[in-house]
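Reproduced below: target.pdb, with PDB, C-alpha atoms and all ligand atoms.
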ATOM      1  CA  VAL C  22      36.063  73.383 194.193  1.00  0.00           C
ATOM      2  CA  ASN C  23      37.091  69.817 193.594  1.00  0.00           C
ATOM      3  CA  VAL C  24      37.167  67.733 196.816  1.00  0.00           C
ATOM      4  CA  LEU C  25      38.648  64.242 197.183  1.00  0.00           C
ATOM      5  CA  ALA C  26      36.995  62.265 200.003  1.00  0.00           C
ATOM      6  CA  ILE C  27      38.716  59.440 201.871  1.00  0.00           C
ATOM      7  CA  ALA C  28      37.042  57.097 204.384  1.00  0.00           C
ATOM      8  CA  GLY C  29      39.591  55.601 206.760  1.00  0.00           C
ATOM      9  CA  SER C  30      37.961  52.165 207.023  1.00  0.00           C
ATOM     10  CA  LEU C  31      38.560  49.075 204.904  1.00  0.00           C
ATOM     11  CA  ARG C  32      35.454  47.336 206.258  1.00  0.00           C
ATOM     12  CA  ALA C  33      32.790  46.424 203.672  1.00  0.00           C
ATOM     13  CA  ASP C  34      29.923  47.644 205.881  1.00  0.00           C
ATOM     14  CA  SER C  35      31.845  50.663 207.206  1.00  0.00           C
ATOM     15  CA  SER C  36      29.883  53.530 208.736  1.00  0.00           C
ATOM     16  CA  ASN C  37      32.668  55.923 207.717  1.00  0.00           C
ATOM     17  CA  THR C  38      32.396  54.824 204.082  1.00  0.00           C
ATOM     18  CA  ALA C  39      28.588  55.066 204.245  1.00  0.00           C
ATOM     19  CA  PHE C  40      28.893  58.581 205.684  1.00  0.00           C
ATOM     20  CA  VAL C  41      31.443  59.687 203.075  1.00  0.00           C
ATOM     21  CA  ARG C  42      29.276  58.336 200.245  1.00  0.00           C
ATOM     22  CA  ALA C  43      26.301  60.250 201.646  1.00  0.00           C
ATOM     23  CA  VAL C  44      28.366  63.452 201.895  1.00  0.00           C
ATOM     24  CA  VAL C  45      29.564  63.078 198.307  1.00  0.00           C
ATOM     25  CA  ALA C  46      25.935  62.775 197.188  1.00  0.00           C
ATOM     26  CA  LEU C  47      24.961  66.128 198.790  1.00  0.00           C
ATOM     27  CA  PRO C  48      24.380  68.912 196.273  1.00  0.00           C
ATOM     28  CA  PHE C  49      26.691  71.633 197.613  1.00  0.00           C
ATOM     29  CA  ASP C  50      27.163  74.800 195.552  1.00  0.00           C
ATOM     30  CA  ASP C  51      30.307  75.025 193.431  1.00  0.00           C
ATOM     31  CA  THR C  52      31.615  71.692 194.735  1.00  0.00           C
ATOM     32  CA  THR C  53      32.408  68.478 192.894  1.00  0.00           C
ATOM     33  CA  MET C  54      33.436  65.441 194.889  1.00  0.00           C
ATOM     34  CA  GLY C  55      35.164  62.154 194.217  1.00  0.00           C
ATOM     35  CA  ILE C  56      36.101  59.230 196.454  1.00  0.00           C
ATOM     36  CA  TYR C  57      39.533  57.649 196.884  1.00  0.00           C
ATOM     37  CA  ASP C  58      39.116  54.039 198.002  1.00  0.00           C
ATOM     38  CA  GLY C  59      42.611  52.638 197.502  1.00  0.00           C
ATOM     39  CA  LEU C  60      43.905  52.668 201.104  1.00  0.00           C
ATOM     40  CA  GLY C  61      44.031  48.870 201.151  1.00  0.00           C
ATOM     41  CA  GLU C  62      46.273  48.707 198.071  1.00  0.00           C
ATOM     42  CA  LEU C  63      49.065  50.902 199.405  1.00  0.00           C
ATOM     43  CA  PRO C  64      52.203  49.038 200.508  1.00  0.00           C
ATOM     44  CA  LEU C  65      53.378  49.595 204.068  1.00  0.00           C
ATOM     45  CA  PHE C  66      55.390  52.802 204.073  1.00  0.00           C
ATOM     46  CA  SER C  67      59.153  52.530 204.130  1.00  0.00           C
ATOM     47  CA  PRO C  68      61.555  55.332 203.211  1.00  0.00           C
ATOM     48  CA  ASP C  69      63.436  52.674 201.217  1.00  0.00           C
ATOM     49  CA  LEU C  70      60.479  52.417 198.791  1.00  0.00           C
ATOM     50  CA  ASP C  71      59.965  56.185 198.696  1.00  0.00           C
ATOM     51  CA  ASP C  72      62.312  57.018 195.841  1.00  0.00           C
ATOM     52  CA  GLU C  73      61.885  58.611 192.391  1.00  0.00           C
ATOM     53  CA  SER C  74      59.830  55.621 191.194  1.00  0.00           C
ATOM     54  CA  PRO C  75      57.355  54.934 194.015  1.00  0.00           C
ATOM     55  CA  PRO C  76      54.905  51.997 193.858  1.00  0.00           C
ATOM     56  CA  SER C  77      52.123  52.631 191.314  1.00  0.00           C
ATOM     57  CA  SER C  78      49.389  52.686 193.988  1.00  0.00           C
ATOM     58  CA  VAL C  79      51.292  55.439 195.801  1.00  0.00           C
ATOM     59  CA  ALA C  80      51.780  57.419 192.587  1.00  0.00           C
ATOM     60  CA  ALA C  81      48.028  57.099 191.929  1.00  0.00           C
ATOM     61  CA  LEU C  82      47.123  58.421 195.403  1.00  0.00           C
ATOM     62  CA  ARG C  83      49.537  61.337 195.045  1.00  0.00           C
ATOM     63  CA  SER C  84      48.194  62.229 191.631  1.00  0.00           C
ATOM     64  CA  ARG C  85      44.536  62.187 192.802  1.00  0.00           C
ATOM     65  CA  LEU C  86      45.505  64.479 195.680  1.00  0.00           C
ATOM     66  CA  ARG C  87      47.396  66.864 193.407  1.00  0.00           C
ATOM     67  CA  GLU C  88      44.285  67.198 191.222  1.00  0.00           C
ATOM     68  CA  ALA C  89      42.074  67.991 194.243  1.00  0.00           C
ATOM     69  CA  ASP C  90      41.635  71.549 195.556  1.00  0.00           C
ATOM     70  CA  ALA C  91      40.638  70.194 198.959  1.00  0.00           C
ATOM     71  CA  VAL C  92      40.382  66.863 200.773  1.00  0.00           C
ATOM     72  CA  LEU C  93      37.877  65.353 203.215  1.00  0.00           C
ATOM     73  CA  ILE C  94      39.048  62.567 205.530  1.00  0.00           C
ATOM     74  CA  CYS C  95      36.622  60.689 207.774  1.00  0.00           C
ATOM     75  CA  THR C  96      38.266  58.252 210.174  1.00  0.00           C
ATOM     76  CA  PRO C  97      37.025  55.526 212.479  1.00  0.00           C
ATOM     77  CA  GLU C  98      38.703  54.933 215.849  1.00  0.00           C
ATOM     78  CA  TYR C  99      40.742  51.778 216.405  1.00  0.00           C
ATOM     79  CA  ALA C 100      42.523  51.367 219.736  1.00  0.00           C
ATOM     80  CA  TYR C 101      42.252  55.092 220.527  1.00  0.00           C
ATOM     81  CA  GLY C 102      43.732  56.125 217.173  1.00  0.00           C
ATOM     82  CA  MET C 103      43.148  56.208 213.432  1.00  0.00           C
ATOM     83  CA  PRO C 104      43.475  52.860 211.612  1.00  0.00           C
ATOM     84  CA  GLY C 105      47.001  51.967 210.533  1.00  0.00           C
ATOM     85  CA  SER C 106      45.869  51.898 206.887  1.00  0.00           C
ATOM     86  CA  LEU C 107      44.988  55.605 207.020  1.00  0.00           C
ATOM     87  CA  LYS C 108      48.156  56.573 208.925  1.00  0.00           C
ATOM     88  CA  ASN C 109      50.131  54.569 206.373  1.00  0.00           C
ATOM     89  CA  ALA C 110      48.607  56.580 203.510  1.00  0.00           C
ATOM     90  CA  LEU C 111      49.435  59.855 205.265  1.00  0.00           C
ATOM     91  CA  ASP C 112      53.036  58.715 205.867  1.00  0.00           C
ATOM     92  CA  TRP C 113      53.389  58.277 202.084  1.00  0.00           C
ATOM     93  CA  LEU C 114      52.596  62.015 201.669  1.00  0.00           C
ATOM     94  CA  VAL C 115      55.293  63.385 203.982  1.00  0.00           C
ATOM     95  CA  SER C 116      58.094  63.573 201.416  1.00  0.00           C
ATOM     96  CA  SER C 117      55.928  64.365 198.381  1.00  0.00           C
ATOM     97  CA  GLY C 118      53.926  67.138 200.084  1.00  0.00           C
ATOM     98  CA  GLU C 119      50.523  66.853 198.354  1.00  0.00           C
ATOM     99  CA  LEU C 120      48.771  68.030 201.530  1.00  0.00           C
ATOM    100  CA  TYR C 121      51.147  70.949 202.116  1.00  0.00           C
ATOM    101  CA  ARG C 122      48.869  73.970 202.750  1.00  0.00           C
ATOM    102  CA  LYS C 123      45.967  72.030 201.191  1.00  0.00           C
ATOM    103  CA  PRO C 124      42.567  72.645 202.829  1.00  0.00           C
ATOM    104  CA  VAL C 125      41.482  69.419 204.543  1.00  0.00           C
ATOM    105  CA  ALA C 126      38.243  68.591 206.380  1.00  0.00           C
ATOM    106  CA  ALA C 127      39.130  66.223 209.239  1.00  0.00           C
ATOM    107  CA  LEU C 128      36.207  64.202 210.582  1.00  0.00           C
ATOM    108  CA  SER C 129      35.703  61.065 212.628  1.00  0.00           C
ATOM    109  CA  ALA C 130      32.529  58.992 212.558  1.00  0.00           C
ATOM    110  CA  SER C 131      31.512  56.282 214.947  1.00  0.00           C
ATOM    111  CA  PRO C 132      28.401  54.331 215.888  1.00  0.00           C
ATOM    112  CA  SER C 133      29.288  55.102 219.520  1.00  0.00           C
ATOM    113  CA  ALA C 134      28.502  58.249 221.504  1.00  0.00           C
ATOM    114  CA  ALA C 135      32.148  59.417 221.685  1.00  0.00           C
ATOM    115  CA  GLY C 136      32.316  59.794 217.902  1.00  0.00           C
ATOM    116  CA  GLY C 137      35.942  58.676 217.587  1.00  0.00           C
ATOM    117  CA  ALA C 138      37.244  61.894 219.170  1.00  0.00           C
ATOM    118  CA  ARG C 139      40.643  60.368 220.057  1.00  0.00           C
ATOM    119  CA  ALA C 140      41.201  59.187 216.484  1.00  0.00           C
ATOM    120  CA  LEU C 141      40.220  62.666 215.304  1.00  0.00           C
ATOM    121  CA  ALA C 142      42.782  64.289 217.628  1.00  0.00           C
ATOM    122  CA  TRP C 143      45.479  62.004 216.226  1.00  0.00           C
ATOM    123  CA  LEU C 144      44.396  62.657 212.629  1.00  0.00           C
ATOM    124  CA  ARG C 145      44.629  66.401 213.271  1.00  0.00           C
ATOM    125  CA  ASP C 146      48.139  66.013 214.742  1.00  0.00           C
ATOM    126  CA  THR C 147      49.276  64.086 211.674  1.00  0.00           C
ATOM    127  CA  LEU C 148      47.720  66.660 209.338  1.00  0.00           C
ATOM    128  CA  ALA C 149      49.569  69.383 211.273  1.00  0.00           C
ATOM    129  CA  ALA C 150      52.816  67.468 210.678  1.00  0.00           C
ATOM    130  CA  LEU C 151      52.009  67.511 206.954  1.00  0.00           C
ATOM    131  CA  ASN C 152      51.274  71.271 207.085  1.00  0.00           C
ATOM    132  CA  ALA C 153      47.725  70.786 205.837  1.00  0.00           C
ATOM    133  CA  THR C 154      45.208  73.582 206.485  1.00  0.00           C
ATOM    134  CA  VAL C 155      42.308  72.315 208.621  1.00  0.00           C
ATOM    135  CA  PRO C 156      39.667  75.062 209.042  1.00  0.00           C
ATOM    136  CA  PRO C 157      38.054  74.808 212.523  1.00  0.00           C
ATOM    137  CA  GLU C 158      34.544  74.576 211.012  1.00  0.00           C
ATOM    138  CA  ALA C 159      35.697  71.608 208.928  1.00  0.00           C
ATOM    139  CA  SER C 160      36.791  69.390 211.798  1.00  0.00           C
ATOM    140  CA  PHE C 161      34.377  67.578 214.099  1.00  0.00           C
ATOM    141  CA  ALA C 162      33.492  64.168 215.464  1.00  0.00           C
ATOM    142  CA  ILE C 163      30.264  62.506 214.377  1.00  0.00           C
ATOM    143  CA  PRO C 164      28.815  60.393 217.203  1.00  0.00           C
ATOM    144  CA  LEU C 165      25.998  57.904 216.624  1.00  0.00           C
ATOM    145  CA  VAL C 166      26.692  58.141 212.900  1.00  0.00           C
ATOM    146  CA  ARG C 167      24.153  55.486 211.876  1.00  0.00           C
ATOM    147  CA  MET C 168      21.389  57.711 213.273  1.00  0.00           C
ATOM    148  CA  LYS C 169      22.522  60.567 211.004  1.00  0.00           C
ATOM    149  CA  LEU C 170      22.065  58.383 207.923  1.00  0.00           C
ATOM    150  CA  ASN C 171      18.790  57.536 206.263  1.00  0.00           C
ATOM    151  CA  ARG C 172      19.703  54.685 203.899  1.00  0.00           C
ATOM    152  CA  GLU C 173      22.235  56.270 201.524  1.00  0.00           C
ATOM    153  CA  THR C 174      21.546  59.902 202.398  1.00  0.00           C
ATOM    154  CA  ILE C 175      22.182  62.168 205.358  1.00  0.00           C
ATOM    155  CA  GLY C 176      18.839  62.409 207.092  1.00  0.00           C
ATOM    156  CA  ASP C 177      19.788  64.818 209.867  1.00  0.00           C
ATOM    157  CA  GLY C 178      19.240  68.536 209.204  1.00  0.00           C
ATOM    158  CA  GLU C 179      21.735  69.652 211.849  1.00  0.00           C
ATOM    159  CA  MET C 180      24.425  67.463 210.289  1.00  0.00           C
ATOM    160  CA  ILE C 181      23.683  68.847 206.824  1.00  0.00           C
ATOM    161  CA  ALA C 182      24.048  72.392 208.225  1.00  0.00           C
ATOM    162  CA  LYS C 183      27.404  71.451 209.834  1.00  0.00           C
ATOM    163  CA  LEU C 184      28.610  69.966 206.565  1.00  0.00           C
ATOM    164  CA  ARG C 185      27.452  73.029 204.648  1.00  0.00           C
ATOM    165  CA  ALA C 186      29.516  75.217 207.014  1.00  0.00           C
ATOM    166  CA  ALA C 187      32.489  72.840 206.654  1.00  0.00           C
ATOM    167  CA  PHE C 188      32.408  73.022 202.854  1.00  0.00           C
ATOM    168  CA  ALA C 189      32.013  76.808 202.930  1.00  0.00           C
ATOM    169  CA  ALA C 190      35.141  76.970 205.135  1.00  0.00           C
ATOM    170  CA  LEU C 191      37.005  74.662 202.744  1.00  0.00           C
ATOM    171  CA  ARG C 192      36.030  76.856 199.786  1.00  0.00           C
ATOM    172  CA  ARG C 193      37.243  79.991 201.627  1.00  0.00           C
ATOM    173  CA  ALA C 194      40.546  78.246 202.422  1.00  0.00           C
ATOM    174  CA  VAL C 195      40.938  77.212 198.767  1.00  0.00           C
ATOM    175  CA  ASP C 196      40.277  80.806 197.652  1.00  0.00           C
ATOM    176  CA  SER C 197      42.781  82.310 200.062  1.00  0.00           C
ATOM    177  CA  ARG C 198      45.404  79.716 199.093  1.00  0.00           C
ATOM    178  CA  HIS C 199      45.100  80.727 195.434  1.00  0.00           C
ATOM    179  CA  ARG C 200      45.130  84.453 196.150  1.00  0.00           C
TER     180      ARG C 200
HETATM  181  C1  LIG H 301      40.119  46.536 216.443  1.00  0.00           C
HETATM  182  C2  LIG H 301      39.095  47.567 216.817  1.00  0.00           C
HETATM  183  C3  LIG H 301      39.403  48.536 217.741  1.00  0.00           C
HETATM  184  C4  LIG H 301      38.469  49.505 218.098  1.00  0.00           C
HETATM  185  N1  LIG H 301      38.816  50.477 218.976  1.00  0.00           N
HETATM  186  C5  LIG H 301      37.939  51.467 219.268  1.00  0.00           C
HETATM  187  C6  LIG H 301      38.312  52.535 220.142  1.00  0.00           C
HETATM  188  O1  LIG H 301      39.416  52.601 220.644  1.00  0.00           O
HETATM  189  N2  LIG H 301      37.396  53.497 220.390  1.00  0.00           N
HETATM  190  C7  LIG H 301      36.140  53.483 219.828  1.00  0.00           C
HETATM  191  O2  LIG H 301      35.357  54.394 220.076  1.00  0.00           O
HETATM  192  N3  LIG H 301      35.769  52.477 218.998  1.00  0.00           N
HETATM  193  C8  LIG H 301      36.636  51.476 218.707  1.00  0.00           C
HETATM  194  N4  LIG H 301      36.267  50.471 217.852  1.00  0.00           N
HETATM  195  C9  LIG H 301      34.915  50.476 217.276  1.00  0.00           C
HETATM  196  C10 LIG H 301      34.944  51.091 215.875  1.00  0.00           C
HETATM  197  O3  LIG H 301      35.145  52.482 215.944  1.00  0.00           O
HETATM  198  C11 LIG H 301      33.646  50.759 215.172  1.00  0.00           C
HETATM  199  O4  LIG H 301      33.666  49.361 214.907  1.00  0.00           O
HETATM  200  C12 LIG H 301      33.422  51.527 213.890  1.00  0.00           C
HETATM  201  O5  LIG H 301      32.193  51.139 213.352  1.00  0.00           O
HETATM  202  C13 LIG H 301      34.539  51.313 212.883  1.00  0.00           C
HETATM  203  O6  LIG H 301      34.363  52.167 211.792  1.00  0.00           O
HETATM  204  P1  LIG H 301      33.698  51.679 210.410  1.00  0.00           P
HETATM  205  O7  LIG H 301      32.251  51.367 210.715  1.00  0.00           O
HETATM  206  O8  LIG H 301      33.816  52.853 209.503  1.00  0.00           O
HETATM  207  O9  LIG H 301      34.453  50.485 209.924  1.00  0.00           O
HETATM  208  C14 LIG H 301      37.184  49.487 217.505  1.00  0.00           C
HETATM  209  C15 LIG H 301      36.873  48.491 216.551  1.00  0.00           C
HETATM  210  C16 LIG H 301      37.809  47.537 216.216  1.00  0.00           C
HETATM  211  C17 LIG H 301      37.462  46.502 215.171  1.00  0.00           C
END
Would you mind writing the file out in structure tokens?
Amino acid sequence: VNVLAIAGSLRADSSNTAFVRAVVALPFDDTTMGIYDGLGELPLFSPDLDDESPPSSVAALRSRLREADAVLICTPEYAYGMPGSLKNALDWLVSSGELYRKPVAALSASPSAAGGARALAWLRDTLAALNATVPPEASFAIPLVRMKLNRETIGDGEMIAKLRAAFAALRRAVDSRHR
């Protein structure tokens, strides 16, 4: 299973990006992972730009998503929601449908104790609008995320077990989609 991971933060020292990089480095069975880091290059969505020749950055995002069997999104919380840059990227996928019935892990990570739960709820609503498949085991908030990381790796056994269950659920969803 080929998973494309997206961190919803543009910040250089982002905890979401650090977490996503650590997840991508985990050796999960039958899983290869890549990172999409082009959120900051996407133009602001307008239906007027969404025609048969979309901006090249948008075409690149859509093509990476088409190649992926499953997607992992990890969002921070800004003002009780996901960052506009992540929502903007998802708006670009409404008409083209790359996430339609695609298995998606929806996570939120935060240095705070609440874990970005409100941003996660909004992300899940938007993914429902796109008809993505979000397995329950593959959607959770990650509070105190810096404590789950040990330099560039995930140093928390419970978190590794949760991620293992999330990837197993993604793989099952990929299998049943192709059946
Ligand atoms: C403009 C702004 C708004 C924020 N709003 C919230 C919020 O509503 N709830 C929350 O839990 N944290 C909020 N935070 C804290 C961020 O979640 C925190 O800075 C987090 O580390 C950002 O993710 P990142 O480390 O991946 O960049 C906000 C931060 C900024 C800069």
* Structure fact -> Computed gap from atom CA of Ile163 of chain C to atom CA of Leu128 of chain C is 7.3 Å
Draw an axis-aligned box over all listed atoms of ligand LIG 301 (chain H), pad each side with 6 Å, and write its centre and edge lengths in Å, one decimal, as lines of an AutoDock Vina configuration file.
center_x = 36.2
center_y = 50.4
center_z = 215.1
size_x = 19.9
size_y = 19.9
size_z = 23.1
* To do: Report the residues retrieved by the PyMOL selection byres (((chain C and resi 124) around 7) and not hetatm) from the displayed file, expressed as a VMD selection string.
  => chain C and resid 91 to 92 122 to 123 125 to 126 153 to 155 191 194 to 195
* To do: Apply the PyMOL selection byres (((chain C and resi 134) around 9) and not hetatm) to the displayed file and report the matching residues as an MDAnalysis selection string.
  => chainID C and resid 131:133 135:137 163:166
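Rounded to one decimal, atom CA of Arg42 of chain C and atom P1 of ligand LIG 301 (chain H) lie 12.9 Å from each other.
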For the contact check between segment 26-101 of chain C and segment 176-185 of chain C, emit one row per residue of segment 26-101 of chain C within 9 Å, containing the shortest atom pair and the distance in Å rounded to one decimal, counting only C-alpha atoms, chain then rising number order, as a tab-separated table.
residue	atom	partner	partner_atom	distance
C:Val44	CA	C:Leu184	CA	8.0
C:Leu47	CA	C:Ile181	CA	8.6
C:Phe49	CA	C:Arg185	CA	7.2
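The neighbours of Arg139 of chain C here are the residues that come within 10 Å of it, using all atoms listed in the file and leaving out any residue fewer than 6 positions away in the same chain; they are Pro97, Glu98, Tyr99, Ala100, Tyr101, Gly102, Met103, Ser129, Arg145 and Ala162 of chain C.
Evaluating the PyMOL selection byres (((chain C and resi 82) around 10) and not hetatm) against the shown model yields Tyr57, Asp58, Gly59, Leu60, Leu63, Ser77, Ser78, Val79, Ala80, Ala81, Arg83, Ser84, Arg85, Leu86, Arg87, Ala110, Trp113, Leu114 and Glu119 of chain C.
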Store the residues of this selection in a file with C-alpha atoms, as a tab-separated table (two decimals), keeping the file's coordinate frame.
chain	number	residue	atom	x	y	z
C	57	TYR	CA	39.53	57.65	196.88
C	58	ASP	CA	39.12	54.04	198.00
C	59	GLY	CA	42.61	52.64	197.50
C	60	LEU	CA	43.90	52.67	201.10
C	63	LEU	CA	49.06	50.90	199.40
C	77	SER	CA	52.12	52.63	191.31
C	78	SER	CA	49.39	52.69	193.99
C	79	VAL	CA	51.29	55.44	195.80
C	80	ALA	CA	51.78	57.42	192.59
C	81	ALA	CA	48.03	57.10	191.93
C	83	ARG	CA	49.54	61.34	195.04
C	84	SER	CA	48.19	62.23	191.63
C	85	ARG	CA	44.54	62.19	192.80
C	86	LEU	CA	45.50	64.48	195.68
C	87	ARG	CA	47.40	66.86	193.41
C	110	ALA	CA	48.61	56.58	203.51
C	113	TRP	CA	53.39	58.28	202.08
C	114	LEU	CA	52.60	62.02	201.67
C	119	GLU	CA	50.52	66.85	198.35
